[in-house]
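Listing of upload.txt; format and content: compact mmCIF, C-alpha atoms.
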# COMPACT_ATOMS: atom_id res chain seq x y z
CA MET A 93 -25.49 10.13 13.16
CA LEU A 94 -23.27 9.04 16.01
CA GLY A 95 -20.04 10.57 14.85
CA PRO A 96 -18.89 13.67 12.99
CA GLY A 97 -21.06 15.30 10.38
CA VAL A 98 -20.32 15.65 6.71
CA THR A 99 -18.53 18.98 7.25
CA TRP A 100 -15.70 17.18 8.99
CA TYR A 101 -15.39 14.78 6.10
CA LEU A 102 -15.17 17.73 3.72
CA VAL A 103 -12.41 19.36 5.79
CA VAL A 104 -10.30 16.18 5.78
CA ALA A 105 -10.91 15.72 2.06
CA ALA A 106 -9.87 19.32 1.34
CA ILE A 107 -6.63 18.87 3.30
CA LEU A 108 -5.91 15.58 1.52
CA PHE A 109 -6.58 17.11 -1.89
CA ALA A 110 -4.26 20.05 -1.17
CA THR A 111 -1.58 17.62 0.02
CA GLY A 112 -1.88 15.63 -3.18
CA THR A 113 -1.70 18.80 -5.26
CA LEU A 114 1.45 19.80 -3.43
CA GLY A 115 3.00 16.43 -4.19
CA VAL A 116 2.09 16.58 -7.88
CA LEU A 117 3.46 20.10 -8.24
CA MET A 118 6.58 19.75 -6.12
CA ARG A 119 8.00 16.25 -6.51
CA ARG A 120 10.12 15.29 -9.49
CA SER A 121 9.97 11.51 -9.32
CA PRO A 122 7.05 10.27 -11.47
CA LEU A 123 6.42 7.51 -8.92
CA ILE A 124 5.71 10.03 -6.17
CA VAL A 125 3.60 12.08 -8.57
CA LEU A 126 1.50 8.96 -9.19
CA LEU A 127 1.20 8.34 -5.43
CA SER A 128 0.10 11.94 -4.90
CA LEU A 129 -2.51 11.51 -7.63
CA GLU A 130 -3.89 8.58 -5.67
CA ILE A 131 -4.24 10.85 -2.63
CA MET A 132 -6.22 13.36 -4.71
CA LEU A 133 -8.52 10.65 -6.09
CA ASN A 134 -9.13 9.36 -2.59
CA ALA A 135 -9.99 12.85 -1.37
CA GLY A 136 -12.68 12.91 -4.07
CA ASN A 137 -13.88 9.49 -2.94
CA LEU A 138 -14.13 10.69 0.65
CA VAL A 139 -16.38 13.57 -0.43
CA LEU A 140 -18.56 11.17 -2.44
CA VAL A 141 -18.96 8.82 0.52
CA GLY A 142 -19.64 11.69 2.94
CA PHE A 143 -22.37 13.20 0.77
CA SER A 144 -23.80 9.75 0.11
CA ARG A 145 -24.26 9.42 3.86
CA LEU A 146 -25.70 12.94 4.13
CA HIS A 147 -28.40 12.36 1.54
CA GLY A 148 -29.00 8.70 2.39
CA ASP A 149 -28.46 7.86 -1.28
CA LEU A 150 -26.17 5.03 -2.34
CA ASP A 151 -25.35 6.52 -5.76
CA GLY A 152 -22.32 8.28 -4.25
CA GLN A 153 -20.85 5.01 -3.02
CA VAL A 154 -21.40 3.39 -6.42
CA PHE A 155 -19.58 6.29 -8.03
CA ALA A 156 -16.75 5.96 -5.49
CA LEU A 157 -16.33 2.34 -6.54
CA ALA A 158 -16.21 3.40 -10.20
CA VAL A 159 -13.52 5.96 -9.29
CA MET A 160 -11.56 3.15 -7.63
CA ALA A 161 -11.67 1.09 -10.83
CA VAL A 162 -10.51 4.05 -12.89
CA ALA A 163 -7.70 4.70 -10.40
CA ALA A 164 -6.57 1.09 -10.71
CA SER A 165 -6.50 1.43 -14.52
CA GLU A 166 -4.57 4.66 -14.23
CA VAL A 167 -1.98 3.00 -11.99
CA VAL A 168 -1.53 0.17 -14.50
CA VAL A 169 -0.89 2.52 -17.40
CA GLY A 170 1.18 4.98 -15.33
CA LEU A 171 3.44 2.29 -13.91
CA GLY A 172 3.80 0.75 -17.38
CA LEU A 173 4.95 4.11 -18.71
CA ILE A 174 7.40 4.58 -15.83
CA VAL A 175 8.89 1.11 -16.36
CA ALA A 176 9.15 1.77 -20.12
CA VAL A 177 10.97 5.05 -19.43
CA ALA A 178 13.31 3.40 -16.93
CA ARG A 179 14.09 0.62 -19.42
CA ARG A 180 15.35 3.18 -21.91
CA ARG A 181 17.83 4.36 -19.28
CA LEU A 182 16.23 7.78 -19.15
CA ALA A 183 16.26 9.80 -15.94
CA LEU A 184 13.14 9.30 -13.83
CA ASP A 185 12.49 13.02 -13.51
CA VAL A 186 9.36 14.76 -14.69
CA ASP A 187 11.36 17.93 -15.35
CA ALA A 188 13.67 16.06 -17.72
CA MET A 189 10.85 14.55 -19.79
CA LYS A 190 10.14 17.50 -22.01
CA GLU A 191 10.06 15.78 -25.36
CA LEU A 192 7.74 13.08 -26.58
CA ARG A 193 10.36 11.31 -28.68
CA GLY A 194 12.48 8.89 -26.71
CA MET B 183 -22.93 15.62 19.88
CA GLY B 184 -22.78 11.91 19.38
CA ASN B 185 -20.84 9.09 20.83
CA VAL B 186 -17.45 9.99 22.31
CA LEU B 187 -15.89 6.71 21.22
CA VAL B 188 -16.95 7.22 17.61
CA TRP B 189 -15.53 10.71 17.69
CA ALA B 190 -12.24 9.43 19.14
CA ILE B 191 -11.89 6.77 16.45
CA TRP B 192 -12.87 9.21 13.73
CA LEU B 193 -10.38 11.85 14.87
CA GLY B 194 -7.62 9.27 15.19
CA ALA B 195 -8.29 7.97 11.68
CA ALA B 196 -8.47 11.49 10.27
CA ALA B 197 -5.18 12.45 11.93
CA ALA B 198 -3.53 9.27 10.61
CA CYS B 199 -4.96 10.00 7.19
CA VAL B 200 -3.63 13.56 6.99
CA GLY B 201 -0.32 12.66 8.62
CA SER B 202 0.39 9.78 6.26
CA GLY B 203 -0.68 11.91 3.31
CA VAL B 204 1.89 14.54 4.27
CA ALA B 205 4.44 11.75 4.75
CA VAL B 206 3.83 10.48 1.20
CA VAL B 207 4.69 13.91 -0.17
CA THR B 208 7.64 14.71 2.08
CA LEU B 209 9.52 11.40 2.47
CA THR B 210 12.58 11.08 0.26
CA ASN B 211 12.54 7.31 -0.27
CA PRO B 212 9.75 6.27 -2.69
CA PHE B 213 9.43 2.94 -0.89
CA TYR B 214 8.54 4.66 2.38
CA SER B 215 6.18 6.98 0.49
CA ALA B 216 4.30 4.00 -0.91
CA LEU B 217 4.17 2.37 2.53
CA SER B 218 2.69 5.50 4.08
CA LEU B 219 0.15 5.65 1.25
CA ILE B 220 -0.99 2.19 2.42
CA GLY B 221 -1.52 3.70 5.88
CA ASN B 222 -3.40 6.57 4.28
CA LEU B 223 -5.73 4.20 2.42
CA ALA B 224 -6.32 2.06 5.50
CA SER B 225 -7.25 5.04 7.66
CA LEU B 226 -9.53 6.27 4.87
CA ALA B 227 -11.26 2.90 5.05
CA VAL B 228 -11.97 3.57 8.74
CA LEU B 229 -13.56 6.90 7.78
CA TYR B 230 -15.67 5.10 5.15
CA LEU B 231 -16.83 2.60 7.76
CA LEU B 232 -17.96 5.41 10.06
CA ALA B 233 -19.93 6.91 7.14
CA ALA B 234 -21.88 3.65 6.71
CA ALA B 235 -19.97 2.64 3.57
CA GLU B 236 -19.03 -0.90 4.52
CA PHE B 237 -18.59 -2.29 1.04
CA VAL B 238 -16.55 0.69 -0.16
CA ALA B 239 -14.30 0.32 2.89
CA ALA B 240 -13.77 -3.38 2.19
CA ALA B 241 -13.06 -2.71 -1.49
CA GLN B 242 -10.68 0.07 -0.48
CA VAL B 243 -8.61 -2.29 1.67
CA LEU B 244 -8.74 -5.24 -0.75
CA VAL B 245 -8.31 -3.49 -4.08
CA TYR B 246 -6.41 -0.36 -3.20
CA ALA B 247 -4.29 -1.06 -0.14
CA GLY B 248 -3.91 -4.65 -1.31
CA ALA B 249 -3.59 -5.14 -5.05
CA VAL B 250 -2.74 -1.67 -6.35
CA MET B 251 -0.17 -0.88 -3.68
CA VAL B 252 1.52 -4.27 -4.04
CA MET B 253 2.00 -3.45 -7.72
CA PHE B 254 3.40 -0.07 -6.75
CA LEU B 255 5.86 -1.65 -4.31
CA PHE B 256 6.93 -4.19 -6.93
CA VAL B 257 7.67 -1.46 -9.46
CA ILE B 258 9.55 0.63 -6.89
CA ALA B 259 11.61 -2.40 -5.93
CA TYR B 260 12.24 -3.16 -9.62
CA LEU B 261 13.41 0.39 -10.30
CA GLY B 262 15.67 0.41 -7.27
CA GLY B 263 13.86 3.07 -5.26
CA ARG B 264 16.34 5.86 -5.70
CA ALA B 265 16.03 8.71 -3.22
CA ASP B 266 14.53 11.94 -4.44
CA ALA B 267 14.60 14.78 -1.95
CA PRO B 268 11.40 16.81 -2.13
CA TRP B 269 13.24 20.11 -2.04
CA ALA B 270 16.19 19.15 -4.25
CA GLY B 271 16.70 20.50 -7.72
CA GLY B 272 14.79 23.04 -9.71
CA PRO B 273 14.55 26.74 -9.09
CA PRO B 274 13.49 27.49 -5.50
CA LEU B 275 10.86 29.84 -6.87
CA LEU B 276 9.06 26.88 -8.44
CA ARG B 277 9.03 24.97 -5.14
CA LEU B 278 7.65 28.04 -3.37
CA ALA B 279 5.03 28.47 -6.09
CA ALA B 280 3.94 24.84 -5.63
CA VAL B 281 3.41 25.39 -1.89
CA VAL B 282 1.57 28.66 -2.49
CA ALA B 283 -0.64 27.10 -5.18
CA SER B 284 -1.71 24.16 -3.04
CA ALA B 285 -2.28 26.42 0.00
CA ALA B 286 -4.42 28.69 -2.19
CA LEU B 287 -6.41 25.67 -3.38
CA LEU B 288 -6.98 24.57 0.22
CA ALA B 289 -8.09 28.07 1.27
CA ASP B 290 -10.37 28.25 -1.76
CA VAL B 291 -12.13 24.98 -0.96
CA LEU B 292 -12.41 25.78 2.75
CA VAL B 293 -13.93 29.22 2.08
CA ALA B 294 -16.41 27.75 -0.41
CA MET B 295 -17.36 25.16 2.20
CA GLY B 296 -17.62 27.73 4.97
CA MET B 297 -20.17 29.65 2.95
CA ALA B 298 -22.32 26.54 2.53
CA VAL B 299 -22.05 25.23 6.10
CA GLY B 300 -25.20 25.45 8.23
CA GLU B 301 -27.68 25.59 5.40
CA SER B 302 -28.04 22.03 4.21
CA LEU B 303 -24.99 20.18 5.48
CA SER B 304 -26.34 19.48 8.98
CA ASP B 305 -29.59 17.57 8.48
CA GLU B 306 -28.61 14.03 7.68
CA ALA B 307 -30.99 11.53 6.19
CA ASP B 308 -32.11 8.53 8.18
CA ILE B 309 -30.69 5.35 6.74
CA ALA B 310 -31.62 1.70 7.01
CA ASP B 311 -29.27 -0.91 8.43
CA SER B 312 -28.60 -2.27 4.95
CA PHE B 313 -27.22 1.09 3.73
CA GLY B 314 -23.85 0.49 2.10
CA SER B 315 -24.06 -3.30 2.31
CA PRO B 316 -22.75 -5.40 -0.60
CA ALA B 317 -26.29 -6.50 -1.45
CA GLU B 318 -27.54 -2.95 -1.84
CA ILE B 319 -24.48 -1.83 -3.84
CA GLY B 320 -24.73 -4.88 -6.07
CA ARG B 321 -28.43 -4.28 -6.69
CA LEU B 322 -27.70 -0.68 -7.72
CA PHE B 323 -24.83 -1.77 -9.97
CA LEU B 324 -27.02 -4.26 -11.80
CA THR B 325 -30.11 -2.07 -12.09
CA ASP B 326 -29.67 1.73 -12.05
CA HIS B 327 -25.96 1.83 -12.90
CA LEU B 328 -25.68 -1.11 -15.27
CA LEU B 329 -24.19 1.01 -18.06
CA ALA B 330 -21.53 2.44 -15.72
CA PHE B 331 -20.77 -1.09 -14.54
CA GLU B 332 -20.24 -2.38 -18.09
CA ILE B 333 -18.19 0.65 -19.10
CA THR B 334 -16.00 0.14 -16.02
CA SER B 335 -15.30 -3.41 -17.16
CA ILE B 336 -14.29 -2.12 -20.61
CA VAL B 337 -12.04 0.51 -19.01
CA LEU B 338 -10.32 -2.18 -16.95
CA LEU B 339 -9.90 -4.39 -20.03
CA VAL B 340 -8.39 -1.52 -22.04
CA ALA B 341 -6.05 -0.71 -19.16
CA ALA B 342 -4.94 -4.34 -18.95
CA VAL B 343 -4.26 -4.43 -22.70
CA GLY B 344 -2.43 -1.09 -22.44
CA GLY B 345 -0.29 -2.42 -19.61
CA VAL B 346 0.68 -5.45 -21.68
CA VAL B 347 1.46 -3.31 -24.75
CA LEU B 348 3.61 -0.96 -22.67
CA GLY B 349 5.38 -3.91 -21.11
CA ILE B 350 6.35 -5.55 -24.41
CA ARG B 351 10.11 -5.46 -24.71
CA PRO B 352 11.12 -3.75 -27.95
CA SER B 353 12.89 -6.50 -29.85
CA SER B 354 13.92 -4.70 -33.04
CA ALA B 355 17.31 -3.10 -33.60
CA SER B 356 15.70 0.33 -33.45
CA ASP B 357 16.16 0.40 -29.72
CA GLU B 358 19.87 0.52 -28.99
CA ALA B 359 19.47 1.52 -25.38
CA ASP B 360 17.84 -1.76 -24.50
CA ASP B 361 20.37 -4.27 -25.83
CA GLY B 362 22.17 -4.72 -22.54
CA ALA B 363 19.13 -5.72 -20.56

If you took the structure in this file and wrote it as structure tokens, what would it be?
Amino acid sequence: MLGPGVTWYLVVAAILFATGTLGVLMRRSPLIVLLSLEIMLNAGNLVLVGFSRLHGDLDGQVFALAVMAVAASEVVVGLGLIVAVARRRLALDVDAMKELRG
Amino acid sequence: MGNVLVWAIWLGAAAACVGSGVAVVTLTNPFYSALSLIGNLASLAVLYLLAAAEFVAAAQVLVYAGAVMVMFLFVIAYLGGRADAPWAGGPPLLRLAAVVASAALLADVLVAMGMAVGESLSDEADIADSFGSPAEIGRLFLTDHLLAFEITSIVLLVAAVGGVVLGIRPSSASDEADDGA
């Protein structure tokens, strides 16, 4: 392989995953929490693609594409929920949403 | 050691990737956070290209950085993009605990990787030129992973229906908060 080995991919993916975790734990806006979730999903995708290259097996890339589809679905439902919450004039704050009833 | 140019591009993309990821978490304006996530996804696509995943890189740019992020930006614009300082509100102990927890996760993963490095992570398989091409991915999707392919389509359909159901404006009188809109 011309460039960096799979270890480098794993290091970048680990840093990205920790960054996403930090965002999910620390931020209060549900929009940013959703964005941080995307970072975590992409860190997983990076590992899948890196190992797919290591083993010369395309199954990892196929799985990465499936993860992308699931992430798109998750964004649709998550953004729908956020818009529904905002329409009810509730505060967009994950700390304030403690109860399931509107 | 490999090609210097490939290393330079890889390191640049990795730095952009990590930097924009940190920017997503630390920026106060959600609009800027979403914009830096687009940069994150684009630099990830460069990393995918260098790992011989051409189709995944193209799908990443088209589907993720294109369609998904445009929807994100629309929703942020619709909601008004109010600022939300990353360190504001909440007990400071919780913020500290969040940093400690994610740092512990990072250390955990890095140590687990460090114990595995050198054994099997260095000998890479030889690949053909068609590795990662749309034809190869499509063949796998329609042969070995046909069930996953069909289930993915059902998941997308259910998500679309769920998005529509969530977006239906409550019309009955039970929802007083919505009558002004």

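You can rank B:Leu217, B:Ala198, B:Asp311, B:Leu292 by their closest distance to chain A using all atoms listed in the file, and at the top of that list sits B:Leu292.
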
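Atom pair atom CA of B:Ala235 / atom CA of B:Gly194: separated by 18.2 Å.
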
All file atoms of stretch 215-219 of chain B boxed axis-aligned, 3 Å per side, centre plus edges, as JSON:
{"center_x": 3.2, "center_y": 4.7, "center_z": 1.6, "size_x": 12.0, "size_y": 10.6, "size_z": 11.0}

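Contact shell of B:Ile309 at 10 Å (all atoms listed in the file; same-chain neighbours under 5 positions omitted): Met93, Arg145, Leu146, His147, Gly148 and Asp149 of chain A; Ala234 and Gly314 of chain B.
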
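Of the residues listed (B:Ala249, B:Leu348, B:Ala307, B:Val228), B:Leu348 shows the shortest atom-to-atom separation from A:Val177; distances use all atoms listed in the file.
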
Shell around A:Gly97 at 10 Å using only C-alpha atoms, local window under 6 positions removed, as an MDAnalysis selection string: (chainID A and resid 142:143 145:146) or (chainID B and resid 183:184 233 303:306)

Could those selected residues go to a file with C-alpha atoms, as an mmCIF file, keeping the file's coordinate frame?
data_model
loop_
_atom_site.group_PDB
_atom_site.id
_atom_site.type_symbol
_atom_site.label_atom_id
_atom_site.label_comp_id
_atom_site.auth_asym_id
_atom_site.auth_seq_id
_atom_site.Cartn_x
_atom_site.Cartn_y
_atom_site.Cartn_z
ATOM 1 C CA GLY A 142 -19.640 11.690 2.940
ATOM 2 C CA PHE A 143 -22.370 13.200 0.770
ATOM 3 C CA ARG A 145 -24.260 9.420 3.860
ATOM 4 C CA LEU A 146 -25.700 12.940 4.130
ATOM 5 C CA MET B 183 -22.930 15.620 19.880
ATOM 6 C CA GLY B 184 -22.780 11.910 19.380
ATOM 7 C CA ALA B 233 -19.930 6.910 7.140
ATOM 8 C CA LEU B 303 -24.990 20.180 5.480
ATOM 9 C CA SER B 304 -26.340 19.480 8.980
ATOM 10 C CA ASP B 305 -29.590 17.570 8.480
ATOM 11 C CA GLU B 306 -28.610 14.030 7.680
#

Any idea what's packed within 9 Å of A:Asn137, counting all atoms listed in the file, ignoring anything in its chain fewer than 2 positions away? Could you give it as a PyMOL selection string? chain A and resi 105+132-135+139-142+152-153+155-157+159-160

Any chance you could export the current selection's C-alpha atoms as a PDB file, in the coordinates of the input?
ATOM      1  CA  ALA A 105     -10.910  15.720   2.060  1.00  0.00           C
ATOM      2  CA  MET A 132      -6.220  13.360  -4.710  1.00  0.00           C
ATOM      3  CA  LEU A 133      -8.520  10.650  -6.090  1.00  0.00           C
ATOM      4  CA  ASN A 134      -9.130   9.360  -2.590  1.00  0.00           C
ATOM      5  CA  ALA A 135      -9.990  12.850  -1.370  1.00  0.00           C
ATOM      6  CA  VAL A 139     -16.380  13.570  -0.430  1.00  0.00           C
ATOM      7  CA  LEU A 140     -18.560  11.170  -2.440  1.00  0.00           C
ATOM      8  CA  VAL A 141     -18.960   8.820   0.520  1.00  0.00           C
ATOM      9  CA  GLY A 142     -19.640  11.690   2.940  1.00  0.00           C
ATOM     10  CA  GLY A 152     -22.320   8.280  -4.250  1.00  0.00           C
ATOM     11  CA  GLN A 153     -20.850   5.010  -3.020  1.00  0.00           C
ATOM     12  CA  PHE A 155     -19.580   6.290  -8.030  1.00  0.00           C
ATOM     13  CA  ALA A 156     -16.750   5.960  -5.490  1.00  0.00           C
ATOM     14  CA  LEU A 157     -16.330   2.340  -6.540  1.00  0.00           C
ATOM     15  CA  VAL A 159     -13.520   5.960  -9.290  1.00  0.00           C
ATOM     16  CA  MET A 160     -11.560   3.150  -7.630  1.00  0.00           C
TER      17      MET A 160
END

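Atom CA of A:Val125 is positioned 10.7 Å from atom CA of B:Ser215.
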
Determine, counting all atoms listed in the file, every residue of protein, DNA or RNA that lies within 10 Å of (1.4, 2.4, 2.2) in the file coordinates, then give the result as a ChimeraX atom specification. /A:127 /B:202-203,206,213-224,246-248,251-252,254-255

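The residue that comes closest to chain B, out of A:Leu114, A:Ile174, A:Ala188, A:Leu129 and on the basis of only C-alpha atoms, is A:Leu114.
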
For atom CA of B:Phe313 and atom CA of A:Glu166, determine how far apart the two atoms are, in Å to one decimal place. 29.1 Å

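Proximity to chain A was assessed for B:Leu288, B:Ala310, B:Tyr260, B:Ala294 counting all atoms listed in the file; the smallest distance is recorded for B:Leu288.
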